[in-house]
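J.: One structure, pasted below without further comment.
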Amino acid sequence: MRRWISHVFVVIGILVATTLQAAEFSQPAGLIREPLVLSVVLPDGQTATLDAFVTRPNLPGHFPIALITHGTDGTEHSDRDQLTPNRYSAAALSFARHGYAAVVVLRQGYGHSSGHTDYQGNSCDQPRHARAGKMAREDILAALTAIRQYAWASHDQAVLVGQSSGGFSVIAASALNPPGVQAIISFSGGRGAIHNGLVCDKKALMSVLTSYGEKARIPTLWIYTANDRSFPSQLGQQMFAAYRHAGGRGELVNLPAFGHDGHDLLISAPESFWWSRISTFLQSNDLPVNAISTLPDPHLPDPPGLNASDRQVFKHYLADRGYEKAFATNGQGVWGRSAWARDQQEANRRALAFCQQYREKGEAACTLYAAGDRLVVND
C-alpha cells in the first residue's frame, strides 16, 4: 500500500479583497460559506484583525450566532502557518444547517489573525492560565461584537462553542456573563495538557476554573470522550467540579470513545455522534435545533486503479466535511488528498503535490479527481 499523509493547508499571507473574490469554496445546498476578516476593538482600546469563516443559511433574516473557537497545536509554526478556520468546517456546517450563523474565529496569534497567542511567554512551570483566559475571552467577545454588525447576524441570540483550549476560553468568557449569549459549550475543554491527563500547574488551573464558576450564570455544557488523550474523562470531571461547586451553571456529558483520540471530537466526529446531545441543551435554552437544510451524502465512482483499502480511504474522503478538500490520483494506485485548506484552489494544488510525491519514476502523472464533492473531468 502506498504511504500517504493528510495535512492542514494554508495560503501564507494576509487575504485581500481581490483574493477573497477569486477564491472558491464548497457551497452545500441551502447554505453560504465565506471567509471573514473581523476588525475588532479590545477592552483596552487596542484594535486587532481576526481570521474567521462564516457558514450560514442561504435565507433572509437574522440568525443566532454560533461562535466557534479552536484549540492549539502548541507551536508557533503550526498555530500560525497551518491552522485555518476550515479545520472546524464540519462543526460549522452542523450548526448552520440547524439555523445558525456559524462563525469560526481564530484568536490573536493564530492563522492570519494579528497579534500573538495567549500562550506566548508562558511555560509549563508558569502557564499563566488566568492571563491566557483573559486574553482569549477578550478576543472572543470582541469578535462577537463585530459579527453582530453583519445583516445576517442576530443581536441577542448567541452560543459560544470551543474545543480544547478554545473550550477553556469560552468557559473563561462565561465569567463575564456577556449579554445576548444564551449558552456555552466546551468540547474537550482544558488548558496546559502534557499527556495522559497531566496538565501544567493543575492546582492553578482548578483555581482559575473556580474563579470563573463564582461569577458565571450562563448555562454551560462540558463534553468529553472516553478516549480523550489530552483531557481524559476523569480530569474533565475534576475541572467541571471546580467550576460547578463554585456556583457555575453546568452539565457534564461523557461520550463514548471516538477514533484514536476523542480529543478531536469537534473537528472530526460526524454530526450524528454529538449533535443529539447538544440539541437537548440548546433547546432547553431557547435556541434552535431543527434542521432547515439537508446535507446529502455525496456519491462519486471510485477512482481507477485503487485497491480495496484505498477505496475505503476514498469513501472516507467523501464522507468527510473537512472543506476545502481535494483528491488526486494517477490511475495506477498512487493518490493524495487534502483537507481544511483556505480555498478550493489550494486544496487542489496540495492534493496533486502529495500524489506526485509518492509517484515513482516512469509512472503516470497525477491528475485531480475530485474537488470537494465534485468530480473533476480532465480533458
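Just so we're on the same page: first chain in the C-alpha cells is A, next is B, and so on; residues restart at 1 for each chain, and ligands are numbered from 1 in the order they show up.
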Tell me which protein, DNA and RNA residues are within 8 Å of Asn177 of chain A, counting only C-alpha atoms, leaving out same-chain ones fewer than 6 positions away, and put them as number ranges by chain.

T.: A: 215-218

J.: If you keep all heavy atoms, can you produce a file of those selected residues as a short mmCIF file (atom, residue, chain, number, x, y, z; two decimals), in the first residue's frame?

T.:
data_model
loop_
_atom_site.label_atom_id
_atom_site.label_comp_id
_atom_site.auth_asym_id
_atom_site.auth_seq_id
_atom_site.Cartn_x
_atom_site.Cartn_y
_atom_site.Cartn_z
N LYS A 215 -18.51 33.51 39.28
CA LYS A 215 -19.14 34.67 38.64
C LYS A 215 -20.15 34.29 37.56
O LYS A 215 -21.05 35.07 37.25
CB LYS A 215 -18.05 35.57 38.02
CG LYS A 215 -17.01 36.07 39.02
CD LYS A 215 -15.94 36.87 38.30
CE LYS A 215 -14.84 37.33 39.25
NZ LYS A 215 -14.05 36.18 39.77
N ALA A 216 -19.98 33.13 36.96
CA ALA A 216 -20.77 32.77 35.78
C ALA A 216 -22.19 32.37 36.14
O ALA A 216 -22.42 31.66 37.12
CB ALA A 216 -20.09 31.62 35.03
N ARG A 217 -23.14 32.81 35.31
CA ARG A 217 -24.53 32.43 35.47
C ARG A 217 -25.14 31.93 34.17
O ARG A 217 -26.32 31.58 34.14
CB ARG A 217 -25.34 33.63 36.02
CG ARG A 217 -24.90 34.08 37.41
CD ARG A 217 -25.10 32.97 38.44
NE ARG A 217 -24.59 33.32 39.76
CZ ARG A 217 -23.39 32.97 40.23
NH1 ARG A 217 -22.55 32.26 39.46
NH2 ARG A 217 -23.01 33.31 41.44
N ILE A 218 -24.38 31.89 33.12
CA ILE A 218 -24.85 31.39 31.83
C ILE A 218 -24.76 29.86 31.84
O ILE A 218 -23.76 29.30 32.30
CB ILE A 218 -24.01 31.97 30.69
CG1 ILE A 218 -24.23 33.48 30.57
CG2 ILE A 218 -24.34 31.30 29.35
CD1 ILE A 218 -23.36 34.15 29.54
#

J.: Apply DSSP to the backbone of this structure and, from segment 30-98 of chain A, keep only the residues in strand (DSSP E or B); write these as a PyMOL selection string.

T.: chain A and resi 31-41+47-57+63-69

J.: Near Leu42 of chain A, counting only C-alpha atoms, which residues have an atom at most 10 Å away, once you skip same-chain residues fewer than 5 positions from it, shown as a count of residues only?

T.: 9

J.: Could you pull out the helix (DSSP H, G or I) residues of segment 189-369 of chain A from DSSP and send them as number ranges by chain?

T.: A: 202-215, 233-245, 262-268, 271-284, 308-319, 344-357

J.: Using only C-alpha atoms, please write the residues we just selected to a file, as an mmCIF file, in the first residue's frame.

T.:
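Contents of the output file selection.cif:
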data_model
loop_
_atom_site.group_PDB
_atom_site.id
_atom_site.type_symbol
_atom_site.label_atom_id
_atom_site.label_comp_id
_atom_site.auth_asym_id
_atom_site.auth_seq_id
_atom_site.Cartn_x
_atom_site.Cartn_y
_atom_site.Cartn_z
ATOM 1 C CA LYS A 202 -3.091 21.711 37.764
ATOM 2 C CA LYS A 203 -3.679 23.483 41.066
ATOM 3 C CA ALA A 204 -3.671 26.904 39.382
ATOM 4 C CA LEU A 205 -5.929 25.610 36.596
ATOM 5 C CA MET A 206 -8.516 24.420 39.113
ATOM 6 C CA SER A 207 -8.282 27.723 40.950
ATOM 7 C CA VAL A 208 -8.950 29.692 37.775
ATOM 8 C CA LEU A 209 -11.928 27.496 36.885
ATOM 9 C CA THR A 210 -13.264 28.038 40.409
ATOM 10 C CA SER A 211 -12.998 31.799 39.939
ATOM 11 C CA TYR A 212 -14.969 31.535 36.693
ATOM 12 C CA GLY A 213 -17.666 29.458 38.343
ATOM 13 C CA GLU A 214 -18.067 32.012 41.130
ATOM 14 C CA LYS A 215 -19.137 34.671 38.640
ATOM 15 C CA SER A 233 -12.979 11.972 31.419
ATOM 16 C CA GLN A 234 -11.703 11.849 34.996
ATOM 17 C CA LEU A 235 -9.808 15.114 34.565
ATOM 18 C CA GLY A 236 -12.807 16.609 32.799
ATOM 19 C CA GLN A 237 -14.915 15.676 35.824
ATOM 20 C CA GLN A 238 -12.442 17.420 38.141
ATOM 21 C CA MET A 239 -12.374 20.609 36.068
ATOM 22 C CA PHE A 240 -16.150 20.642 35.821
ATOM 23 C CA ALA A 241 -16.496 20.069 39.561
ATOM 24 C CA ALA A 242 -14.225 23.023 40.373
ATOM 25 C CA TYR A 243 -16.411 25.273 38.211
ATOM 26 C CA ARG A 244 -19.747 23.828 39.267
ATOM 27 C CA HIS A 245 -19.093 23.720 43.009
ATOM 28 C CA GLY A 262 -11.509 11.563 21.204
ATOM 29 C CA HIS A 263 -9.912 14.930 21.857
ATOM 30 C CA ASP A 264 -10.565 15.780 18.196
ATOM 31 C CA LEU A 265 -14.300 15.231 18.629
ATOM 32 C CA LEU A 266 -15.474 18.625 17.357
ATOM 33 C CA ILE A 267 -13.069 18.539 14.413
ATOM 34 C CA SER A 268 -13.506 15.026 13.109
ATOM 35 C CA GLU A 271 -22.661 15.204 13.448
ATOM 36 C CA SER A 272 -24.530 12.022 14.363
ATOM 37 C CA PHE A 273 -22.004 11.361 17.141
ATOM 38 C CA TRP A 274 -22.620 14.539 19.119
ATOM 39 C CA TRP A 275 -25.477 16.712 17.827
ATOM 40 C CA SER A 276 -28.364 14.883 19.517
ATOM 41 C CA ARG A 277 -26.806 15.528 22.934
ATOM 42 C CA ILE A 278 -26.182 19.211 22.443
ATOM 43 C CA SER A 279 -29.563 19.744 20.780
ATOM 44 C CA THR A 280 -31.256 18.938 24.090
ATOM 45 C CA PHE A 281 -29.096 21.544 25.790
ATOM 46 C CA LEU A 282 -29.683 24.165 23.101
ATOM 47 C CA GLN A 283 -33.430 23.599 23.102
ATOM 48 C CA SER A 284 -33.578 23.958 26.886
ATOM 49 C CA ALA A 308 -9.756 -2.264 -1.744
ATOM 50 C CA SER A 309 -8.052 -0.483 1.176
ATOM 51 C CA ASP A 310 -7.536 2.720 -0.786
ATOM 52 C CA ARG A 311 -11.139 2.670 -1.979
ATOM 53 C CA GLN A 312 -12.138 2.801 1.686
ATOM 54 C CA VAL A 313 -9.932 5.862 2.061
ATOM 55 C CA PHE A 314 -11.802 7.493 -0.815
ATOM 56 C CA LYS A 315 -15.144 6.684 0.835
ATOM 57 C CA HIS A 316 -13.857 8.362 3.987
ATOM 58 C CA TYR A 317 -12.825 11.345 1.889
ATOM 59 C CA LEU A 318 -16.369 11.671 0.520
ATOM 60 C CA ALA A 319 -17.929 11.393 3.976
ATOM 61 C CA GLN A 344 -10.521 25.079 -3.177
ATOM 62 C CA GLN A 345 -7.621 26.094 -5.391
ATOM 63 C CA GLU A 346 -5.159 25.499 -2.573
ATOM 64 C CA ALA A 347 -6.764 22.144 -1.755
ATOM 65 C CA ASN A 348 -6.405 21.104 -5.401
ATOM 66 C CA ARG A 349 -2.737 22.077 -5.569
ATOM 67 C CA ARG A 350 -1.871 20.277 -2.355
ATOM 68 C CA ALA A 351 -3.671 17.048 -3.264
ATOM 69 C CA LEU A 352 -1.790 16.976 -6.571
ATOM 70 C CA ALA A 353 1.514 17.699 -4.863
ATOM 71 C CA PHE A 354 1.066 14.856 -2.363
ATOM 72 C CA CYS A 355 0.082 12.455 -5.121
ATOM 73 C CA GLN A 356 3.134 13.408 -7.180
ATOM 74 C CA GLN A 357 5.339 12.978 -4.117
#

J.: Using Å and a single decimal, report how far atom CA of Val289 of chain A sits from atom CA of Ser154 of chain A.

T.: 15.9 Å

J.: Compare A:Ser169, A:Gln163, A:Gln149, A:Ser26 by their minimum atom-to-atom distance to Ala91 of chain A, counting only C-alpha atoms, and give me the closest one.

T.: A:Gln163

J.: Mind pulling up the distance from atom CA of Ser165 of chain A to atom CA of Thr84 of chain A?

T.: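 Answer for the atom CA of Thr84 of chain A to atom CA of Ser165 of chain A separation: 15.8 Å.
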
J.: Report as a JSON list (two decimals) with N, CA, C and O atoms, in the first residue's frame all protein, DNA and RNA residues lying within 10 Å of Thr329 of chain A, evaluated on only C-alpha atoms, omitting residues in the same chain fewer than 5 positions from it.

T.:
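Full text of out-v4.json as output:
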[["chain", "number", "residue", "atom", "x", "y", "z"],
["A", 303, "PRO", "N", -12.12, 6.14, -7.80],
["A", 303, "PRO", "CA", -11.06, 6.44, -8.77],
["A", 303, "PRO", "C", -10.47, 5.16, -9.33],
["A", 303, "PRO", "O", -10.39, 4.14, -8.62],
["A", 304, "PRO", "N", -10.06, 5.15, -10.57],
["A", 304, "PRO", "CA", -9.48, 3.94, -11.16],
["A", 304, "PRO", "C", -8.14, 3.60, -10.52],
["A", 304, "PRO", "O", -7.39, 4.47, -10.07],
["A", 305, "GLY", "N", -7.86, 2.30, -10.47],
["A", 305, "GLY", "CA", -6.54, 1.84, -10.05],
["A", 305, "GLY", "C", -6.33, 1.70, -8.56],
["A", 305, "GLY", "O", -5.23, 1.32, -8.13],
["A", 306, "LEU", "N", -7.34, 1.96, -7.73],
["A", 306, "LEU", "CA", -7.16, 1.85, -6.28],
["A", 306, "LEU", "C", -7.47, 0.44, -5.81],
["A", 306, "LEU", "O", -8.39, -0.21, -6.32],
["A", 334, "VAL", "N", -1.55, 5.34, -7.10],
["A", 334, "VAL", "CA", -0.94, 6.45, -6.34],
["A", 334, "VAL", "C", -1.98, 7.54, -6.18],
["A", 334, "VAL", "O", -2.69, 7.88, -7.13],
["A", 335, "TRP", "N", -2.08, 8.09, -4.99],
["A", 335, "TRP", "CA", -3.10, 9.12, -4.74],
["A", 335, "TRP", "C", -2.64, 10.07, -3.64],
["A", 335, "TRP", "O", -1.70, 9.80, -2.89],
["A", 336, "GLY", "N", -3.32, 11.19, -3.54],
["A", 336, "GLY", "CA", -3.08, 12.16, -2.47],
["A", 336, "GLY", "C", -4.37, 12.90, -2.19],
["A", 336, "GLY", "O", -5.20, 13.08, -3.08],
["A", 337, "ARG", "N", -4.55, 13.29, -0.96],
["A", 337, "ARG", "CA", -5.75, 14.04, -0.60],
["A", 337, "ARG", "C", -5.38, 15.21, 0.29],
["A", 337, "ARG", "O", -4.34, 15.22, 0.94],
["A", 351, "ALA", "N", -3.38, 18.45, -2.97],
["A", 351, "ALA", "CA", -3.67, 17.05, -3.26],
["A", 351, "ALA", "C", -2.80, 16.54, -4.41],
["A", 351, "ALA", "O", -2.26, 15.43, -4.35],
["A", 352, "LEU", "N", -2.65, 17.35, -5.45],
["A", 352, "LEU", "CA", -1.79, 16.98, -6.57],
["A", 352, "LEU", "C", -0.34, 16.83, -6.14],
["A", 352, "LEU", "O", 0.36, 15.89, -6.54],
["A", 354, "PHE", "N", 0.86, 16.06, -3.17],
["A", 354, "PHE", "CA", 1.07, 14.86, -2.36],
["A", 354, "PHE", "C", 1.03, 13.60, -3.22],
["A", 354, "PHE", "O", 1.79, 12.66, -3.01],
["A", 355, "CYS", "N", 0.13, 13.59, -4.21],
["A", 355, "CYS", "CA", 0.08, 12.46, -5.12],
["A", 355, "CYS", "C", 1.40, 12.33, -5.89],
["A", 355, "CYS", "O", 1.98, 11.23, -5.98],
["A", 356, "GLN", "N", 1.88, 13.42, -6.42],
["A", 356, "GLN", "CA", 3.13, 13.41, -7.18],
["A", 356, "GLN", "C", 4.31, 12.97, -6.31],
["A", 356, "GLN", "O", 5.25, 12.32, -6.78],
["A", 359, "ARG", "N", 4.63, 9.25, -6.41],
["A", 359, "ARG", "CA", 4.70, 8.64, -7.74],
["A", 359, "ARG", "C", 6.15, 8.30, -8.06],
["A", 359, "ARG", "O", 7.04, 9.13, -7.93],
["A", 364, "ALA", "N", 2.58, 7.07, -14.37],
["A", 364, "ALA", "CA", 1.73, 8.12, -14.92],
["A", 364, "ALA", "C", 1.65, 9.31, -13.97],
["A", 364, "ALA", "O", 1.72, 9.16, -12.75],
["A", 365, "ALA", "N", 1.50, 10.48, -14.56],
["A", 365, "ALA", "CA", 1.38, 11.70, -13.76],
["A", 365, "ALA", "C", 0.04, 11.72, -13.03],
["A", 365, "ALA", "O", -0.95, 11.11, -13.47],
["A", 366, "CYS", "N", 0.00, 12.43, -11.92],
["A", 366, "CYS", "CA", -1.23, 12.57, -11.14],
["A", 366, "CYS", "C", -2.12, 13.65, -11.74],
["A", 366, "CYS", "O", -1.63, 14.66, -12.27],
["A", 367, "THR", "N", -3.40, 13.43, -11.66],
["A", 367, "THR", "CA", -4.38, 14.44, -12.05],
["A", 367, "THR", "C", -5.42, 14.57, -10.96],
["A", 367, "THR", "O", -5.62, 13.65, -10.15],
["A", 368, "LEU", "N", -6.10, 15.70, -10.94],
["A", 368, "LEU", "CA", -7.13, 15.93, -9.94],
["A", 368, "LEU", "C", -8.35, 15.07, -10.27],
["A", 368, "LEU", "O", -8.81, 15.05, -11.41],
["A", 369, "TYR", "N", -8.86, 14.37, -9.26],
["A", 369, "TYR", "CA", -10.03, 13.51, -9.47],
["A", 369, "TYR", "C", -11.30, 14.13, -8.87],
["A", 369, "TYR", "O", -12.35, 14.10, -9.50],
["A", 370, "ALA", "N", -11.19, 14.68, -7.66],
["A", 370, "ALA", "CA", -12.35, 15.30, -7.01],
["A", 370, "ALA", "C", -11.92, 16.61, -6.37],
["A", 370, "ALA", "O", -10.86, 16.69, -5.73]]

J.: What's around Leu255 of chain A at 8 Å? Count only C-alpha atoms, leave out sequence neighbours fewer than 2 positions away in its own chain, and write the answer as number ranges by chain.

T.: A: 223-226, 253, 257

J.: Store the residues picked out above in a file with C-alpha atoms, as a tab-separated table (two decimals), in the first residue's frame.

T.:
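Final output, part_14.tsv:
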chain	number	residue	atom	x	y	z
A	223	ILE	CA	-18.35	17.37	26.73
A	224	TYR	CA	-15.57	14.78	26.95
A	225	THR	CA	-14.98	11.41	25.31
A	226	ALA	CA	-13.86	8.15	26.88
A	253	VAL	CA	-21.56	14.78	29.33
A	257	ALA	CA	-14.66	6.72	22.61

J.: Between atom CA of Val40 of chain A and atom CA of Ala146 of chain A, what distance in Å does the model show, to one decimal?

T.: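 Value for the atom CA of Val40 of chain A-atom CA of Ala146 of chain A distance: 6.1 Å.
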
J.: So, with only C-alpha atoms as the atoms that count, which of A:Leu295, A:Ala102, A:Ala96, A:Leu144 lies closest to Gly180 of chain A?

T.: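 Comparing A:Leu295, A:Ala102, A:Ala96, A:Leu144 against Gly180 of chain A, the winner is A:Leu144.
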
J.: Of the residues A:Val376, A:Val41, A:Leu300, A:Val181, which is the one nearest to Leu160 of chain A, using only C-alpha atoms?

T.: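 When distances to Leu160 of chain A are compared using only C-alpha atoms, the smallest one comes from A:Val181.
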
J.: Give me, as CSV, each residue of segment 262-308 of chain A that comes within 9 Å of segment 27-38 of chain A, together with its shortest interatomic pair and the distance in Å at one decimal, counting only C-alpha atoms, with rows ordered by chain and rising residue number.

T.:
residue,atom,partner,partner_atom,distance
A:Ile292,CA,A:Gly30,CA,8.3
A:Ser293,CA,A:Gly30,CA,6.0
A:Thr294,CA,A:Ala29,CA,7.6
A:Leu295,CA,A:Pro28,CA,6.8
A:Pro296,CA,A:Pro28,CA,8.9

J.: Just to be explicit: take each residue in the selection above, keep C-alpha atoms, and write the result as an mmCIF file, in the first residue's frame.

T.:
data_model
loop_
_atom_site.group_PDB
_atom_site.id
_atom_site.type_symbol
_atom_site.label_atom_id
_atom_site.label_comp_id
_atom_site.auth_asym_id
_atom_site.auth_seq_id
_atom_site.Cartn_x
_atom_site.Cartn_y
_atom_site.Cartn_z
ATOM 1 C CA ILE A 292 -33.526 23.644 7.953
ATOM 2 C CA SER A 293 -31.382 22.011 5.257
ATOM 3 C CA THR A 294 -30.052 18.574 4.417
ATOM 4 C CA LEU A 295 -26.511 17.633 3.512
ATOM 5 C CA PRO A 296 -26.838 14.656 1.154
#

J.: Out of A:Arg137, A:Arg87, A:Thr145, A:Val161, which residue has the shortest atom-to-atom distance to Thr69 of chain A when counting only C-alpha atoms?

T.: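 Selected residue with least distance to Thr69 of chain A: A:Val161.
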